[in-house]
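Asker: This is target17.cif (mmCIF, C-alpha atoms).
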data_query
#
loop_
_atom_site.group_PDB
_atom_site.id
_atom_site.type_symbol
_atom_site.label_atom_id
_atom_site.label_comp_id
_atom_site.auth_asym_id
_atom_site.auth_seq_id
_atom_site.Cartn_x
_atom_site.Cartn_y
_atom_site.Cartn_z
ATOM 1 C CA MET A 1 -31.652 -6.034 -1.905
ATOM 2 C CA ALA A 2 -28.838 -5.115 0.497
ATOM 3 C CA ASP A 3 -28.630 -8.731 1.674
ATOM 4 C CA THR A 4 -28.439 -9.926 -1.930
ATOM 5 C CA GLN A 5 -25.599 -7.493 -2.689
ATOM 6 C CA ALA A 6 -23.764 -8.469 0.509
ATOM 7 C CA THR A 7 -24.068 -12.167 -0.334
ATOM 8 C CA ARG A 8 -22.896 -11.570 -3.883
ATOM 9 C CA GLY A 9 -19.954 -9.550 -2.558
ATOM 10 C CA ARG A 10 -19.024 -12.324 -0.132
ATOM 11 C CA ILE A 11 -19.114 -14.908 -2.925
ATOM 12 C CA LEU A 12 -17.005 -12.754 -5.236
ATOM 13 C CA GLY A 13 -14.532 -11.924 -2.473
ATOM 14 C CA ARG A 14 -13.854 -15.582 -1.779
ATOM 15 C CA ALA A 15 -13.818 -16.401 -5.486
ATOM 16 C CA ALA A 16 -11.145 -13.723 -6.062
ATOM 17 C CA GLU A 17 -9.010 -15.169 -3.257
ATOM 18 C CA ILE A 18 -9.247 -18.640 -4.782
ATOM 19 C CA ALA A 19 -8.585 -17.377 -8.309
ATOM 20 C CA SER A 20 -5.519 -15.422 -7.213
ATOM 21 C CA GLU A 21 -3.941 -18.613 -5.894
ATOM 22 C CA GLU A 22 -5.344 -21.302 -8.202
ATOM 23 C CA GLY A 23 -6.549 -19.459 -11.275
ATOM 24 C CA LEU A 24 -10.067 -18.761 -12.453
ATOM 25 C CA ASP A 25 -10.538 -22.457 -13.192
ATOM 26 C CA GLY A 26 -10.164 -23.111 -9.449
ATOM 27 C CA ILE A 27 -13.510 -21.425 -8.866
ATOM 28 C CA THR A 28 -16.555 -23.695 -8.783
ATOM 29 C CA ILE A 29 -20.063 -23.073 -7.587
ATOM 30 C CA GLY A 30 -19.901 -26.221 -5.421
ATOM 31 C CA ARG A 31 -16.659 -25.225 -3.758
ATOM 32 C CA LEU A 32 -17.881 -21.720 -3.008
ATOM 33 C CA ALA A 33 -21.135 -23.076 -1.617
ATOM 34 C CA GLU A 34 -19.244 -25.417 0.686
ATOM 35 C CA GLU A 35 -16.677 -22.858 1.849
ATOM 36 C CA LEU A 36 -19.306 -20.165 2.449
ATOM 37 C CA ALA A 37 -21.804 -22.549 4.068
ATOM 38 C CA MET A 38 -24.370 -21.902 1.356
ATOM 39 C CA SER A 39 -26.400 -24.158 -0.882
ATOM 40 C CA LYS A 40 -25.241 -24.683 -4.454
ATOM 41 C CA SER A 41 -28.519 -23.220 -5.639
ATOM 42 C CA GLY A 42 -27.875 -20.177 -3.442
ATOM 43 C CA VAL A 43 -24.573 -19.493 -5.208
ATOM 44 C CA HIS A 44 -25.985 -20.495 -8.594
ATOM 45 C CA LYS A 45 -28.855 -18.001 -8.434
ATOM 46 C CA HIS A 46 -26.363 -15.106 -8.272
ATOM 47 C CA PHE A 47 -24.374 -16.113 -11.358
ATOM 48 C CA GLY A 48 -26.088 -18.917 -13.265
ATOM 49 C CA THR A 49 -22.952 -20.462 -14.745
ATOM 50 C CA LYS A 50 -19.332 -21.004 -13.784
ATOM 51 C CA GLU A 51 -18.300 -18.838 -16.732
ATOM 52 C CA THR A 52 -20.420 -15.924 -15.503
ATOM 53 C CA LEU A 53 -18.990 -16.406 -12.012
ATOM 54 C CA GLN A 54 -15.442 -16.318 -13.435
ATOM 55 C CA ILE A 55 -16.108 -13.151 -15.417
ATOM 56 C CA SER A 56 -17.770 -11.477 -12.419
ATOM 57 C CA THR A 57 -14.781 -12.429 -10.265
ATOM 58 C CA LEU A 58 -12.403 -10.989 -12.828
ATOM 59 C CA ASP A 59 -14.448 -7.783 -13.039
ATOM 60 C CA THR A 60 -14.444 -7.443 -9.252
ATOM 61 C CA ALA A 61 -10.682 -7.938 -8.986
ATOM 62 C CA PHE A 62 -10.017 -5.525 -11.853
ATOM 63 C CA ALA A 63 -12.251 -2.884 -10.246
ATOM 64 C CA ALA A 64 -10.270 -3.217 -7.000
ATOM 65 C CA PHE A 65 -7.012 -2.890 -8.972
ATOM 66 C CA TRP A 66 -8.346 0.207 -10.779
ATOM 67 C CA ASP A 67 -9.480 1.786 -7.506
ATOM 68 C CA ARG A 68 -6.058 1.279 -5.937
ATOM 69 C CA VAL A 69 -3.846 2.063 -8.935
ATOM 70 C CA VAL A 70 -5.592 4.428 -11.352
ATOM 71 C CA GLU A 71 -8.170 6.378 -9.361
ATOM 72 C CA PRO A 72 -5.712 7.966 -6.867
ATOM 73 C CA ALA A 73 -3.954 9.628 -9.833
ATOM 74 C CA ALA A 74 -7.100 10.573 -11.760
ATOM 75 C CA ALA A 75 -7.051 14.222 -10.653
ATOM 76 C CA LEU A 76 -3.581 14.765 -12.115
ATOM 77 C CA PRO A 77 -3.394 16.195 -15.631
ATOM 78 C CA PRO A 78 -2.780 13.745 -18.484
ATOM 79 C CA GLY A 79 0.899 13.203 -19.128
ATOM 80 C CA LEU A 80 4.103 12.197 -17.451
ATOM 81 C CA ARG A 81 3.198 13.152 -13.883
ATOM 82 C CA ARG A 82 -0.001 11.100 -13.942
ATOM 83 C CA LEU A 83 1.771 8.232 -15.697
ATOM 84 C CA ARG A 84 4.493 8.139 -13.043
ATOM 85 C CA ALA A 85 1.866 8.158 -10.281
ATOM 86 C CA VAL A 86 -0.069 5.302 -11.889
ATOM 87 C CA CYS A 87 3.144 3.313 -12.411
ATOM 88 C CA ALA A 88 4.205 3.884 -8.793
ATOM 89 C CA ASN A 89 0.764 2.769 -7.617
ATOM 90 C CA SER A 90 0.941 -0.346 -9.778
ATOM 91 C CA VAL A 91 4.340 -1.278 -8.337
ATOM 92 C CA ASP A 92 2.945 -0.827 -4.826
ATOM 93 C CA TYR A 93 -0.092 -2.940 -5.752
ATOM 94 C CA LEU A 94 2.062 -5.776 -7.087
ATOM 95 C CA ALA A 95 4.561 -5.598 -4.208
ATOM 96 C CA GLU A 96 1.760 -5.684 -1.613
ATOM 97 C CA PRO A 97 -1.182 -7.330 -3.354
ATOM 98 C CA LEU A 98 -4.763 -7.218 -2.157
ATOM 99 C CA LEU A 99 -5.197 -10.941 -2.805
ATOM 100 C CA PRO A 100 -3.248 -13.819 -1.237
ATOM 101 C CA GLY A 101 -1.964 -15.110 -4.573
ATOM 102 C CA GLY A 102 -0.985 -11.745 -5.991
ATOM 103 C CA CYS A 103 -2.420 -9.980 -8.984
ATOM 104 C CA MET A 104 -5.275 -12.027 -10.371
ATOM 105 C CA MET A 105 -5.141 -10.200 -13.723
ATOM 106 C CA THR A 106 -1.527 -11.238 -14.217
ATOM 107 C CA ALA A 107 -2.406 -14.849 -13.439
ATOM 108 C CA ALA A 108 -5.457 -14.720 -15.726
ATOM 109 C CA LEU A 109 -3.327 -13.464 -18.627
ATOM 110 C CA THR A 110 -1.318 -16.658 -18.757
ATOM 111 C CA GLU A 111 -4.218 -18.890 -17.800
ATOM 112 C CA TYR A 112 -6.435 -17.674 -20.653
ATOM 113 C CA ASP A 113 -4.137 -16.216 -23.313
ATOM 114 C CA GLY A 114 -4.457 -19.260 -25.557
ATOM 115 C CA ARG A 115 -8.068 -20.227 -24.897
ATOM 116 C CA PRO A 116 -11.101 -19.047 -26.824
ATOM 117 C CA GLY A 117 -14.295 -17.986 -25.094
ATOM 118 C CA ARG A 118 -16.013 -15.355 -23.011
ATOM 119 C CA VAL A 119 -13.572 -15.536 -20.077
ATOM 120 C CA ARG A 120 -10.620 -14.978 -22.383
ATOM 121 C CA ASP A 121 -12.477 -12.065 -23.989
ATOM 122 C CA ALA A 122 -13.056 -10.530 -20.539
ATOM 123 C CA VAL A 123 -9.363 -10.928 -19.664
ATOM 124 C CA ALA A 124 -8.359 -9.346 -22.985
ATOM 125 C CA GLU A 125 -10.787 -6.462 -22.452
ATOM 126 C CA ALA A 126 -9.454 -5.704 -18.949
ATOM 127 C CA TRP A 127 -5.853 -5.933 -20.183
ATOM 128 C CA ALA A 128 -6.675 -3.596 -23.098
ATOM 129 C CA ARG A 129 -8.240 -1.094 -20.699
ATOM 130 C CA TRP A 130 -5.044 -1.099 -18.572
ATOM 131 C CA ARG A 131 -2.809 -0.751 -21.653
ATOM 132 C CA ASP A 132 -4.969 2.098 -22.985
ATOM 133 C CA ARG A 133 -4.736 3.937 -19.666
ATOM 134 C CA LEU A 134 -0.933 3.817 -19.793
ATOM 135 C CA ARG A 135 -0.785 4.603 -23.525
ATOM 136 C CA THR A 136 -3.001 7.669 -23.088
ATOM 137 C CA ASP A 137 -0.555 9.236 -20.644
ATOM 138 C CA LEU A 138 2.486 8.265 -22.715
ATOM 139 C CA VAL A 139 0.958 9.959 -25.779
ATOM 140 C CA ALA A 140 0.004 13.006 -23.700
ATOM 141 C CA ALA A 141 3.552 13.220 -22.302
ATOM 142 C CA VAL A 142 4.954 13.333 -25.849
ATOM 143 C CA ARG A 143 2.329 15.872 -26.926
ATOM 144 C CA ASN A 144 3.124 18.022 -23.838
ATOM 145 C CA ASP A 145 6.879 17.877 -24.591
ATOM 146 C CA GLU A 146 7.471 15.985 -21.330
ATOM 147 C CA LEU A 147 8.956 13.206 -23.445
ATOM 148 C CA PRO A 148 10.955 13.933 -26.599
ATOM 149 C CA ALA A 149 9.404 14.021 -30.048
ATOM 150 C CA GLY A 150 9.849 10.646 -31.657
ATOM 151 C CA PHE A 151 9.700 8.874 -28.282
ATOM 152 C CA ASP A 152 8.688 5.267 -28.946
ATOM 153 C CA VAL A 153 5.396 5.071 -27.053
ATOM 154 C CA GLU A 154 4.725 1.437 -27.958
ATOM 155 C CA GLN A 155 8.181 0.305 -26.817
ATOM 156 C CA ALA A 156 7.809 2.224 -23.542
ATOM 157 C CA LEU A 157 4.366 0.706 -23.015
ATOM 158 C CA PHE A 158 5.793 -2.765 -23.598
ATOM 159 C CA GLU A 159 8.612 -2.168 -21.108
ATOM 160 C CA ILE A 160 6.312 -0.777 -18.407
ATOM 161 C CA LEU A 161 3.990 -3.762 -18.744
ATOM 162 C CA ALA A 162 6.956 -6.164 -18.779
ATOM 163 C CA ALA A 163 8.264 -4.626 -15.547
ATOM 164 C CA GLY A 164 4.901 -5.301 -13.899
ATOM 165 C CA LEU A 165 4.778 -8.909 -15.065
ATOM 166 C CA ALA A 166 8.362 -9.506 -13.925
ATOM 167 C CA LEU A 167 7.631 -7.878 -10.568
ATOM 168 C CA ASN A 168 4.602 -10.080 -9.950
ATOM 169 C CA ALA A 169 6.631 -13.200 -10.754
ATOM 170 C CA ALA A 170 9.544 -12.116 -8.528
ATOM 171 C CA VAL A 171 7.218 -11.367 -5.611
ATOM 172 C CA GLN A 172 5.061 -14.483 -5.958
ATOM 173 C CA LEU A 173 7.662 -17.068 -6.977
ATOM 174 C CA GLN A 174 10.843 -15.816 -5.362
ATOM 175 C CA HIS A 175 9.595 -13.585 -2.536
ATOM 176 C CA ASP A 176 12.261 -11.136 -3.702
ATOM 177 C CA PRO A 177 12.251 -8.068 -1.433
ATOM 178 C CA ALA A 178 14.308 -6.089 -3.968
ATOM 179 C CA ALA A 179 11.926 -6.692 -6.864
ATOM 180 C CA ALA A 180 9.801 -3.572 -6.354
ATOM 181 C CA GLY A 181 12.902 -1.384 -6.474
ATOM 182 C CA ARG A 182 14.044 -3.088 -9.653
ATOM 183 C CA ALA A 183 10.644 -2.536 -11.262
ATOM 184 C CA ARG A 184 10.694 1.147 -10.276
ATOM 185 C CA ARG A 185 14.177 1.568 -11.787
ATOM 186 C CA ALA A 186 13.147 -0.241 -14.983
ATOM 187 C CA ILE A 187 10.132 2.022 -15.427
ATOM 188 C CA ASP A 188 12.179 5.118 -14.642
ATOM 189 C CA ARG A 189 14.807 4.131 -17.236
ATOM 190 C CA THR A 190 12.077 3.619 -19.801
ATOM 191 C CA LEU A 191 10.646 7.080 -19.132
ATOM 192 C CA THR A 192 13.965 8.948 -19.002
ATOM 193 C CA ARG A 193 15.526 7.382 -22.097
ATOM 194 C CA THR A 194 15.886 9.923 -24.871
#
Let's see the structure in the file written out as structure tokens.
Answerer:
Amino acid sequence: MADTQATRGRILGRAAEIASEEGLDGITIGRLAEELAMSKSGVHKHFGTKETLQISTLDTAFAAFWDRVVEPAAALPPGLRRLRAVCANSVDYLAEPLLPGGCMMTAALTEYDGRPGRVRDAVAEAWARWRDRLRTDLVAAVRNDELPAGFDVEQALFEILAAGLALNAAVQLQHDPAAAGRARRAIDRTLTRT
């Protein structure tokens, strides 16, 4: 059982690296078998289909994101302090990504936003979970009077998410060393606007 889990973890680790650079469509059972010196049937028995492999890869990458960004702030009370911690963690994650091609979720958003199917549904579900995490703390911050009554939660959510997408693009495409600071300032402006 431990060997099976280790093998599965090795497959998913390499699949996440590939997907971060080439997209989820860059993952194939044959390629993984070749790169990991395994048989195709050996990789196939863990996932069955390419689609299942893609979804498992996405789930693995999202779990790593969640562990690095959300979990360190989980002990903080709901509201502005926790939201700021999660946002700071997300900027750090995007500025110094775990994967060679940057944030796989960000790449998957554009790769699958217009396609139907189970992979798109998995991307949408992960994105919704991230949005809900941020929205929960924005709503709590308004309820706790940490943000003013009438604060536009949906606009703030949009701006925070936009800052993350822009940061990922600036880091990956332009190698902009100032991008993380810009993202932090954008988020701060969003949260201090009255």
Asker: Expand the PyMOL selection byres ((chain A and resi 14-19) around 9) into the individual residues it matches in the shown file, reporting them as a ChimeraX atom specification.
Answerer: /A:9-13,20-28,32,35-36,53-54,57-58,60-61,99-101,104,107-108
Asker: Put those residues in a file: C-alpha atoms, as an mmCIF file, in the frame of the given file.
Answerer:
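Below is the file that was written, selection_10.cif:
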data_model
loop_
_atom_site.group_PDB
_atom_site.id
_atom_site.type_symbol
_atom_site.label_atom_id
_atom_site.label_comp_id
_atom_site.auth_asym_id
_atom_site.auth_seq_id
_atom_site.Cartn_x
_atom_site.Cartn_y
_atom_site.Cartn_z
ATOM 1 C CA GLY A 9 -19.954 -9.550 -2.558
ATOM 2 C CA ARG A 10 -19.024 -12.324 -0.132
ATOM 3 C CA ILE A 11 -19.114 -14.908 -2.925
ATOM 4 C CA LEU A 12 -17.005 -12.754 -5.236
ATOM 5 C CA GLY A 13 -14.532 -11.924 -2.473
ATOM 6 C CA SER A 20 -5.519 -15.422 -7.213
ATOM 7 C CA GLU A 21 -3.941 -18.613 -5.894
ATOM 8 C CA GLU A 22 -5.344 -21.302 -8.202
ATOM 9 C CA GLY A 23 -6.549 -19.459 -11.275
ATOM 10 C CA LEU A 24 -10.067 -18.761 -12.453
ATOM 11 C CA ASP A 25 -10.538 -22.457 -13.192
ATOM 12 C CA GLY A 26 -10.164 -23.111 -9.449
ATOM 13 C CA ILE A 27 -13.510 -21.425 -8.866
ATOM 14 C CA THR A 28 -16.555 -23.695 -8.783
ATOM 15 C CA LEU A 32 -17.881 -21.720 -3.008
ATOM 16 C CA GLU A 35 -16.677 -22.858 1.849
ATOM 17 C CA LEU A 36 -19.306 -20.165 2.449
ATOM 18 C CA LEU A 53 -18.990 -16.406 -12.012
ATOM 19 C CA GLN A 54 -15.442 -16.318 -13.435
ATOM 20 C CA THR A 57 -14.781 -12.429 -10.265
ATOM 21 C CA LEU A 58 -12.403 -10.989 -12.828
ATOM 22 C CA THR A 60 -14.444 -7.443 -9.252
ATOM 23 C CA ALA A 61 -10.682 -7.938 -8.986
ATOM 24 C CA LEU A 99 -5.197 -10.941 -2.805
ATOM 25 C CA PRO A 100 -3.248 -13.819 -1.237
ATOM 26 C CA GLY A 101 -1.964 -15.110 -4.573
ATOM 27 C CA MET A 104 -5.275 -12.027 -10.371
ATOM 28 C CA ALA A 107 -2.406 -14.849 -13.439
ATOM 29 C CA ALA A 108 -5.457 -14.720 -15.726
#
Asker: Determine the nearest neighbour of Ala166 (chain A) from the options A:Thr192, A:Thr106, A:Thr52, A:Ser39, counting only C-alpha atoms.
Answerer: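 For Ala166 (chain A), the nearest of the given residues is A:Thr106.
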Asker: Which of these residues is nearest to Lys45 (chain A), using only C-alpha atoms: A:Val139, A:Gly102, A:Thr4, A:Tyr93?
Answerer: A:Thr4
Asker: Could you tell me how far CA of Pro78 (chain A) lies from CA of Trp66 (chain A), in Å and to one decimal?
Answerer: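 Distance between the two atoms: 16.5 Å.
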Asker: Please report the interatomic distance between CA of Phe62 (chain A) and CA of Met105 (chain A) in Å with one decimal.
Answerer: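 Rounded to one decimal, the two atoms are 7.0 Å apart.
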Asker: Could you tell me, as a ChimeraX atom specification, which residues have any atom at most 10 Å from (2.1, 1.2, -28.2), counting only C-alpha atoms?
Answerer: /A:131-132,134-136,138-139,152-158
Asker: With all atoms listed in the file as the counted atoms, please give the residues lying no more than 7 Å from Ala163 (chain A), apart from itself and same-chain residues fewer than 5 positions off, as a VMD selection string.
Answerer: chain A and resid 183 186 to 187
Asker: Pull C-alpha atoms from the residues just selected and write them as a short mmCIF file (atom, residue, chain, number, x, y, z; two decimals), in the frame of the given file.
Answerer:
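Saved file part-v6.cif follows:
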data_model
loop_
_atom_site.label_atom_id
_atom_site.label_comp_id
_atom_site.auth_asym_id
_atom_site.auth_seq_id
_atom_site.Cartn_x
_atom_site.Cartn_y
_atom_site.Cartn_z
CA ALA A 183 10.64 -2.54 -11.26
CA ALA A 186 13.15 -0.24 -14.98
CA ILE A 187 10.13 2.02 -15.43
#
Asker: Find, counting all atoms listed in the file, the residue in A:Asp113, A:Asp137, A:Glu159, A:Glu34 that gets nearest to Ala74 (chain A).
Answerer: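 Looking at the shortest contact to Ala74 (chain A), the residue is A:Asp137.
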Asker: What is the CA of Val119 (chain A) to CA of Ala63 (chain A) distance in Å?
Answerer: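 Going from CA of Val119 (chain A) over to CA of Ala63 (chain A), I get 16.1 Å.
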Asker: Choose the residue, out of A:Gly181, A:Pro77, A:Pro116, A:Gly164, that has the smallest atom-to-atom separation from Leu94 (chain A); count only C-alpha atoms.
Answerer: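 Closest candidate: A:Gly164.
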Asker: Please write as a list in words the full residue list that the PyMOL selection byres ((chain A and resi 87) around 10) yields on this file.
Answerer: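 Evaluating the PyMOL selection byres ((chain A and resi 87) around 10) on these coordinates yields Val69, Val70, Ala73, Arg81, Arg82, Leu83, Arg84, Ala85, Val86, Ala88, Asn89, Ser90, Val91, Asp92, Tyr93, Leu134, Ile160, Leu161, Ala163, Gly164, Ala183, Arg184, Ile187 and Asp188 of chain A.
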Asker: Using all atoms listed in the file, find the one residue out of A:Asp3, A:Leu98, A:Arg118, A:Arg193 that sits nearest to Arg68 (chain A).
Answerer: A:Leu98
